[in-house]
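Chemist: Okay, so here is query.pdb, and as you'll see once you scroll down, it has PDB, C-alpha atoms.
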```pdb
ATOM      1  CA  MET A   1    -180.513  26.438-107.273
ATOM      2  CA  ILE A   2    -180.593  28.236-110.650
ATOM      3  CA  LYS A   3    -181.860  31.792-110.136
ATOM      4  CA  ILE A   4    -183.279  33.431-113.243
ATOM      5  CA  LEU A   5    -184.520  36.834-114.356
ATOM      6  CA  ILE A   6    -187.350  36.777-116.914
ATOM      7  CA  ALA A   7    -187.894  39.845-119.127
ATOM      8  CA  ASP A   8    -190.899  40.035-121.459
ATOM      9  CA  ASP A   9    -193.170  43.000-122.120
ATOM     10  CA  HIS A  10    -196.231  40.760-122.480
ATOM     11  CA  GLU A  11    -197.406  40.222-118.909
ATOM     12  CA  ILE A  12    -199.501  37.149-119.717
ATOM     13  CA  VAL A  13    -196.519  35.440-121.352
ATOM     14  CA  ARG A  14    -194.184  36.490-118.539
ATOM     15  CA  LYS A  15    -196.513  35.333-115.774
ATOM     16  CA  GLY A  16    -197.065  32.046-117.577
ATOM     17  CA  LEU A  17    -193.322  31.404-117.727
ATOM     18  CA  VAL A  18    -192.910  32.384-114.075
ATOM     19  CA  GLN A  19    -195.685  30.008-113.048
ATOM     20  CA  PHE A  20    -194.233  27.169-115.092
ATOM     21  CA  VAL A  21    -190.734  27.631-113.677
ATOM     22  CA  ALA A  22    -192.169  27.727-110.148
ATOM     23  CA  GLU A  23    -193.038  24.056-110.528
ATOM     24  CA  THR A  24    -189.381  23.155-111.130
ATOM     25  CA  PRO A  25    -187.464  22.422-107.891
ATOM     26  CA  ASP A  26    -183.999  23.464-109.102
ATOM     27  CA  ILE A  27    -184.993  26.766-110.786
ATOM     28  CA  GLU A  28    -186.202  29.925-109.058
ATOM     29  CA  VAL A  29    -187.379  33.213-110.586
ATOM     30  CA  CYS A  30    -185.558  35.890-108.611
ATOM     31  CA  ALA A  31    -186.877  38.819-110.671
ATOM     32  CA  GLU A  32    -189.137  39.657-113.616
ATOM     33  CA  ALA A  33    -189.152  42.672-115.908
ATOM     34  CA  GLY A  34    -191.478  44.175-118.489
ATOM     35  CA  SER A  35    -188.790  45.984-120.484
ATOM     36  CA  ALA A  36    -185.118  45.789-121.380
ATOM     37  CA  GLN A  37    -184.304  48.813-119.242
ATOM     38  CA  GLU A  38    -186.096  47.329-116.236
ATOM     39  CA  ALA A  39    -184.208  44.078-116.732
ATOM     40  CA  LEU A  40    -180.879  45.910-116.634
ATOM     41  CA  SER A  41    -181.916  47.796-113.492
ATOM     42  CA  LEU A  42    -183.001  44.578-111.783
ATOM     43  CA  LEU A  43    -179.719  42.905-112.708
ATOM     44  CA  ARG A  44    -177.874  45.573-110.768
ATOM     45  CA  GLU A  45    -180.062  44.722-107.760
ATOM     46  CA  HIS A  46    -179.892  40.936-108.206
ATOM     47  CA  CYS A  47    -176.239  40.225-108.888
ATOM     48  CA  ASP A  48    -176.762  36.590-107.789
ATOM     49  CA  CYS A  49    -178.914  35.934-110.873
ATOM     50  CA  SER A  50    -177.679  32.796-112.696
ATOM     51  CA  VAL A  51    -179.485  33.073-116.063
ATOM     52  CA  VAL A  52    -181.377  35.827-117.888
ATOM     53  CA  VAL A  53    -184.359  34.845-120.056
ATOM     54  CA  LEU A  54    -184.862  37.785-122.417
ATOM     55  CA  ASP A  55    -187.539  38.566-125.016
ATOM     56  CA  ILE A  56    -185.837  39.698-128.229
ATOM     57  CA  SER A  57    -188.534  42.226-129.223
ATOM     58  CA  MET A  58    -189.625  44.761-126.608
ATOM     59  CA  PRO A  59    -190.711  48.418-126.856
ATOM     60  CA  GLY A  60    -187.937  50.971-126.395
ATOM     61  CA  ARG A  61    -184.608  49.205-126.066
ATOM     62  CA  SER A  62    -184.756  45.822-127.745
ATOM     63  CA  GLY A  63    -183.681  42.549-126.217
ATOM     64  CA  LEU A  64    -180.613  42.589-128.456
ATOM     65  CA  ASP A  65    -179.642  45.992-127.046
ATOM     66  CA  ALA A  66    -179.960  44.647-123.510
ATOM     67  CA  LEU A  67    -178.080  41.474-124.454
ATOM     68  CA  LYS A  68    -175.031  43.450-125.538
ATOM     69  CA  GLU A  69    -175.000  45.455-122.308
ATOM     70  CA  ILE A  70    -175.432  42.326-120.186
ATOM     71  CA  ASN A  71    -172.474  40.731-121.957
ATOM     72  CA  GLU A  72    -170.356  43.801-121.269
ATOM     73  CA  GLN A  73    -171.285  44.207-117.600
ATOM     74  CA  TYR A  74    -172.218  40.672-116.527
ATOM     75  CA  SER A  75    -170.187  38.462-118.833
ATOM     76  CA  LEU A  76    -170.549  35.389-116.615
ATOM     77  CA  ILE A  77    -174.367  35.411-116.768
ATOM     78  CA  PRO A  78    -175.687  33.434-119.770
ATOM     79  CA  VAL A  79    -178.629  34.908-121.681
ATOM     80  CA  LEU A  80    -181.398  32.823-123.251
ATOM     81  CA  MET A  81    -183.312  34.768-125.899
ATOM     82  CA  LEU A  82    -187.051  34.240-126.411
ATOM     83  CA  SER A  83    -188.650  35.106-129.748
ATOM     84  CA  THR A  84    -191.746  34.678-131.880
ATOM     85  CA  HIS A  85    -189.475  34.770-134.926
ATOM     86  CA  SER A  86    -188.304  31.446-136.317
ATOM     87  CA  GLU A  87    -186.012  32.880-138.998
ATOM     88  CA  ASP A  88    -182.411  31.813-138.830
ATOM     89  CA  GLU A  89    -181.500  35.495-139.357
ATOM     90  CA  PHE A  90    -182.875  36.513-135.942
ATOM     91  CA  ALA A  91    -181.233  33.508-134.295
ATOM     92  CA  VAL A  92    -177.892  34.242-135.951
ATOM     93  CA  ARG A  93    -177.995  37.878-134.847
ATOM     94  CA  ALA A  94    -178.805  36.869-131.265
ATOM     95  CA  LEU A  95    -176.055  34.263-131.099
ATOM     96  CA  ARG A  96    -173.523  36.566-132.746
ATOM     97  CA  ALA A  97    -174.431  39.228-130.180
ATOM     98  CA  GLY A  98    -173.493  36.829-127.389
ATOM     99  CA  ALA A  99    -176.671  34.938-126.500
ATOM    100  CA  SER A 100    -176.127  31.459-125.068
ATOM    101  CA  GLY A 101    -179.420  30.233-126.458
ATOM    102  CA  TYR A 102    -182.350  31.050-128.725
ATOM    103  CA  LEU A 103    -185.780  29.634-127.975
ATOM    104  CA  MET A 104    -189.085  30.039-129.780
ATOM    105  CA  LYS A 105    -191.933  31.180-127.520
ATOM    106  CA  GLN A 106    -194.043  28.521-129.195
ATOM    107  CA  SER A 107    -191.583  25.945-127.859
ATOM    108  CA  ALA A 108    -191.747  27.296-124.311
ATOM    109  CA  PRO A 109    -192.482  26.033-121.797
ATOM    110  CA  ARG A 110    -191.851  22.611-123.384
ATOM    111  CA  GLU A 111    -188.155  23.362-124.000
ATOM    112  CA  LEU A 112    -187.625  26.179-121.500
ATOM    113  CA  ILE A 113    -186.434  24.140-118.531
ATOM    114  CA  ALA A 114    -183.959  22.129-120.601
ATOM    115  CA  ALA A 115    -182.697  25.335-122.230
ATOM    116  CA  ILE A 116    -182.176  27.094-118.886
ATOM    117  CA  ARG A 117    -180.298  24.127-117.443
ATOM    118  CA  LYS A 118    -178.093  23.798-120.523
ATOM    119  CA  VAL A 119    -177.006  27.459-120.726
ATOM    120  CA  HIS A 120    -176.496  27.534-116.942
ATOM    121  CA  ALA A 121    -174.141  24.573-117.324
ATOM    122  CA  GLY A 122    -172.104  26.518-119.877
ATOM    123  CA  GLY A 123    -173.639  25.097-123.024
ATOM    124  CA  ASN A 124    -175.602  26.611-125.887
ATOM    125  CA  TYR A 125    -179.211  25.952-126.757
ATOM    126  CA  VAL A 126    -181.087  26.491-129.997
ATOM    127  CA  SER A 127    -184.788  25.691-130.340
ATOM    128  CA  GLU A 128    -185.499  22.639-132.474
ATOM    129  CA  SER A 129    -187.650  24.768-134.770
ATOM    130  CA  VAL A 130    -184.633  26.818-135.920
ATOM    131  CA  ALA A 131    -181.801  24.307-135.557
ATOM    132  CA  ASP A 132    -182.084  22.906-139.086
ATOM    133  CA  LYS A 133    -182.080  26.366-140.644
ATOM    134  CA  LEU A 134    -179.044  27.385-138.633
ATOM    135  CA  VAL A 135    -177.087  24.316-139.644
ATOM    136  CA  SER A 136    -177.842  24.755-143.338
ATOM    137  CA  ASN A 137    -177.447  28.530-143.546
ATOM    138  CA  LEU A 138    -174.986  29.673-140.882
ATOM    139  CA  ASN A 139    -171.898  29.051-143.003
ATOM    140  CA  THR A 140    -173.330  30.355-146.274
ATOM    141  CA  LYS A 141    -175.439  33.402-145.390
ATOM    142  CA  LEU A 142    -173.334  35.396-142.955
ATOM    143  CA  GLY A 143    -171.784  38.449-144.528
ATOM    144  CA  GLN A 144    -173.053  37.665-148.044
ATOM    145  CA  GLU A 145    -176.468  39.340-148.212
ATOM    146  CA  PRO A 146    -177.138  43.104-148.305
ATOM    147  CA  HIS A 147    -179.267  42.974-145.153
ATOM    148  CA  GLU A 148    -176.224  41.721-143.242
ATOM    149  CA  SER A 149    -174.915  45.294-143.313
ATOM    150  CA  LEU A 150    -177.889  46.555-141.296
ATOM    151  CA  SER A 151    -177.715  47.157-137.562
ATOM    152  CA  ASP A 152    -180.078  45.127-135.363
ATOM    153  CA  ARG A 153    -182.533  48.027-135.097
ATOM    154  CA  GLU A 154    -182.351  48.763-138.834
ATOM    155  CA  TYR A 155    -183.058  45.109-139.568
ATOM    156  CA  GLN A 156    -186.053  45.186-137.222
ATOM    157  CA  VAL A 157    -187.432  48.324-138.901
ATOM    158  CA  MET A 158    -186.897  46.817-142.362
ATOM    159  CA  TRP A 159    -188.767  43.700-141.279
ATOM    160  CA  MET A 160    -191.687  45.758-139.921
ATOM    161  CA  ILE A 161    -191.866  47.858-143.089
ATOM    162  CA  ALA A 162    -192.079  44.630-145.069
ATOM    163  CA  LEU A 163    -195.017  43.608-142.888
ATOM    164  CA  GLY A 164    -196.841  46.677-144.181
ATOM    165  CA  LYS A 165    -196.608  48.768-141.032
ATOM    166  CA  THR A 166    -196.531  52.559-141.396
ATOM    167  CA  LEU A 167    -193.707  54.634-139.908
ATOM    168  CA  LYS A 168    -196.108  55.829-137.204
ATOM    169  CA  GLN A 169    -197.136  52.266-136.327
ATOM    170  CA  ILE A 170    -193.497  51.208-136.120
ATOM    171  CA  ALA A 171    -192.663  54.252-133.991
ATOM    172  CA  ASP A 172    -195.525  53.503-131.588
ATOM    173  CA  GLU A 173    -194.609  49.819-131.332
ATOM    174  CA  LEU A 174    -190.926  50.520-130.638
ATOM    175  CA  SER A 175    -191.624  53.542-128.408
ATOM    176  CA  LEU A 176    -189.542  55.779-130.674
ATOM    177  CA  SER A 177    -190.354  58.987-132.549
ATOM    178  CA  GLU A 178    -191.624  58.861-136.113
ATOM    179  CA  LYS A 179    -188.639  61.006-137.112
ATOM    180  CA  THR A 180    -186.248  58.400-135.686
ATOM    181  CA  ILE A 181    -187.967  55.615-137.632
ATOM    182  CA  SER A 182    -187.765  57.745-140.771
ATOM    183  CA  THR A 183    -184.018  58.085-140.197
ATOM    184  CA  TYR A 184    -183.692  54.297-139.855
ATOM    185  CA  ARG A 185    -185.659  53.882-143.094
ATOM    186  CA  THR A 186    -183.295  56.276-144.883
ATOM    187  CA  ARG A 187    -180.266  54.335-143.633
ATOM    188  CA  ILE A 188    -181.827  51.076-144.777
ATOM    189  CA  MET A 189    -182.493  52.514-148.235
ATOM    190  CA  ASP A 190    -178.933  53.844-148.492
ATOM    191  CA  LYS A 191    -177.258  50.628-147.340
ATOM    192  CA  MET A 192    -179.386  48.396-149.562
ATOM    193  CA  ASP A 193    -179.472  50.773-152.548
ATOM    194  CA  MET A 194    -183.259  51.069-152.560
ATOM    195  CA  LYS A 195    -185.636  53.971-153.084
ATOM    196  CA  LYS A 196    -189.143  52.669-152.240
ATOM    197  CA  ASN A 197    -190.839  50.547-149.583
ATOM    198  CA  THR A 198    -191.998  48.145-152.294
ATOM    199  CA  GLU A 199    -188.362  47.272-152.943
ATOM    200  CA  ILE A 200    -187.931  46.407-149.255
ATOM    201  CA  VAL A 201    -191.045  44.214-149.346
ATOM    202  CA  ARG A 202    -189.865  42.444-152.482
ATOM    203  CA  TYR A 203    -186.373  41.870-151.068
ATOM    204  CA  VAL A 204    -187.617  40.530-147.735
ATOM    205  CA  MET A 205    -190.074  38.163-149.428
ATOM    206  CA  GLN A 206    -187.500  36.944-151.955
ATOM    207  CA  HIS A 207    -185.068  36.135-149.152
ATOM    208  CA  GLY A 208    -187.697  34.390-147.024
ATOM    209  CA  LEU A 209    -187.254  36.774-144.100
ATOM    210  CA  LEU A 210    -190.973  36.916-143.297
ATOM    211  CA  GLU A 211    -191.363  33.218-142.605
ATOM    212  CA  SER A 212    -192.284  33.502-138.944
ATOM    213  CA  PRO A 213    -195.421  32.448-137.036
ATOM    214  CA  HIS A 214    -197.437  35.153-135.238
TER     215      HIS A 214
END
```
Go ahead and express the file in the form of structure tokens.

Modeler:
Amino acid sequence: MIKILIADDHEIVRKGLVQFVAETPDIEVCAEAGSAQEALSLLREHCDCSVVVLDISMPGRSGLDALKEINEQYSLIPVLMLSTHSEDEFAVRALRAGASGYLMKQSAPRELIAAIRKVHAGGNYVSESVADKLVSNLNTKLGQEPHESLSDREYQVMWMIALGKTLKQIADELSLSEKTISTYRTRIMDKMDMKKNTEIVRYVMQHGLLESPH
């Protein structure tokens, strides 16, 4: 029996995944969480968990933050990342951070069961919708673009600024203070040698970093 923990802050999505998995005889949901922090707490209580299914974007600590801690403390438990973002950049960051798989929410539950079984068996899984991009860009993009110097959180903030969100909106969505988001914005500007939000928008659009379904 494959025992999994599902973490997603959207209850409807989470419950839908739980219900779908319940129909699979060899997979059992042993715990579910609505945040990264809750997922980490539940892991400490459910050490027999076989696979963690983790949303990449959650308020407060992101899925990538939780992924790194899981890898440090529970290195034998594979993590399958769920995302609404199809960009190869998000997939690359997740896989480089130690994820065993990256699956589009639009592909779940169609691919979810196969993905869980594959990472549990020690393999890696990438959603079909991002596989082609990864193959064509993985060897050429890493370490070559200015945005590669950004931390995961800085990249997320940059991406949200490019979407036209205000600092307050970003702060509310990430459950952080507006001052903290302003600090991230300053770091982004410094690292990428920019002075205005319009430069961020132009850069992100030119590099195709906004090509994700919502």

Chemist: Which polymer residues have any atom within 12 Å of an atom of A:Trp159, counting only C-alpha atoms, with same-chain residues fewer than 4 positions away left out, as a ChimeraX atom specification?

Modeler: /A:85,87,89-90,147,150,152-155,163-166,170,184-185,188,197,200-205,207-212

Chemist: List as JSON lines every residue of stretch 7-80 of chain A that is in contact with stretch 117-124 of chain A, defined as an atom at most 9 Å from one of its atoms (using all atoms listed in the file), together with the nearest atom pair and the distance in Å rounded to one decimal, sorted by chain and then rising number.

Modeler:
```
{"residue": "A:Ile27", "atom": "CA", "partner": "A:Arg117", "partner_atom": "CA", "distance": 8.6}
{"residue": "A:Ser50", "atom": "CA", "partner": "A:His120", "partner_atom": "CA", "distance": 6.9}
{"residue": "A:Val51", "atom": "CA", "partner": "A:His120", "partner_atom": "CA", "distance": 6.4}
{"residue": "A:Ile77", "atom": "CA", "partner": "A:His120", "partner_atom": "CA", "distance": 8.2}
{"residue": "A:Pro78", "atom": "CA", "partner": "A:Val119", "partner_atom": "CA", "distance": 6.2}
{"residue": "A:Val79", "atom": "CA", "partner": "A:Val119", "partner_atom": "CA", "distance": 7.7}
{"residue": "A:Leu80", "atom": "CA", "partner": "A:Val119", "partner_atom": "CA", "distance": 7.4}
```

Chemist: Produce a file of the selected residues containing C-alpha atoms, as a tab-separated table (two decimals), keeping the file's coordinate frame.

Modeler:
```
chain	number	residue	atom	x	y	z
A	27	ILE	CA	-184.99	26.77	-110.79
A	50	SER	CA	-177.68	32.80	-112.70
A	51	VAL	CA	-179.48	33.07	-116.06
A	77	ILE	CA	-174.37	35.41	-116.77
A	78	PRO	CA	-175.69	33.43	-119.77
A	79	VAL	CA	-178.63	34.91	-121.68
A	80	LEU	CA	-181.40	32.82	-123.25
```

Chemist: Give me the residues near A:Ser177 as an MDAnalysis selection string, where near means some atom within 10 Å (using only C-alpha atoms) and where sequence neighbours in that chain fewer than 6 positions away do not count.

Modeler: chainID A and resid 167:168 170:171 183

Chemist: Rounded to one decimal, what separation in Å do you get between atom CA of A:Arg93 and atom CA of A:Glu148?

Modeler: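 For atom CA of A:Arg93 relative to atom CA of A:Glu148, the distance reads 9.4 Å.
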
Chemist: Go through A:Gln37, A:Lys179, A:Pro146, A:Gln169 and flag the residue nearest A:Asp193, using all atoms listed in the file for the distances.

Modeler: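 With all atoms listed in the file as the atom set, the closest residue is A:Pro146.
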
Chemist: For the point (-194.1, 39.5, -116.9) in the file's frame, write as a ChimeraX atom specification all residues with an atom no more than 9 Å away, counting all atoms listed in the file.

Modeler: /A:6-18,32-34

Chemist: Please expand the PyMOL selection byres ((chain A and resi 59) around 8) into the concrete residues it hits in this file, giving the result as a ChimeraX atom specification.

Modeler: /A:9,35,57-58,60-62,173-175

Chemist: Can you work out the spacing between atom CA of A:Ser182 and atom CA of A:Asp65 in Å, to one decimal?

Modeler: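 According to the coordinates, atom CA of A:Ser182 and atom CA of A:Asp65 are separated by 19.8 Å.
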
Chemist: So that all listed atoms of stretch 182-201 of chain A fit with 5 Å spare on each side, what axis-aligned box centre and edge lengths in Å, to one decimal, would you give as AutoDock Vina command-line options?

Modeler:
```
--center_x -184.6 --center_y 51.1 --center_z -146.5 --size_x 24.7 --size_y 23.9 --size_z 23.2
```

Chemist: Within 12 Å of A:Arg110, counting all atoms listed in the file, which residues qualify if same-chain residues fewer than 4 places away don't, as a ChimeraX atom specification?

Modeler: /A:17,20-21,103-106,114-116,127-128
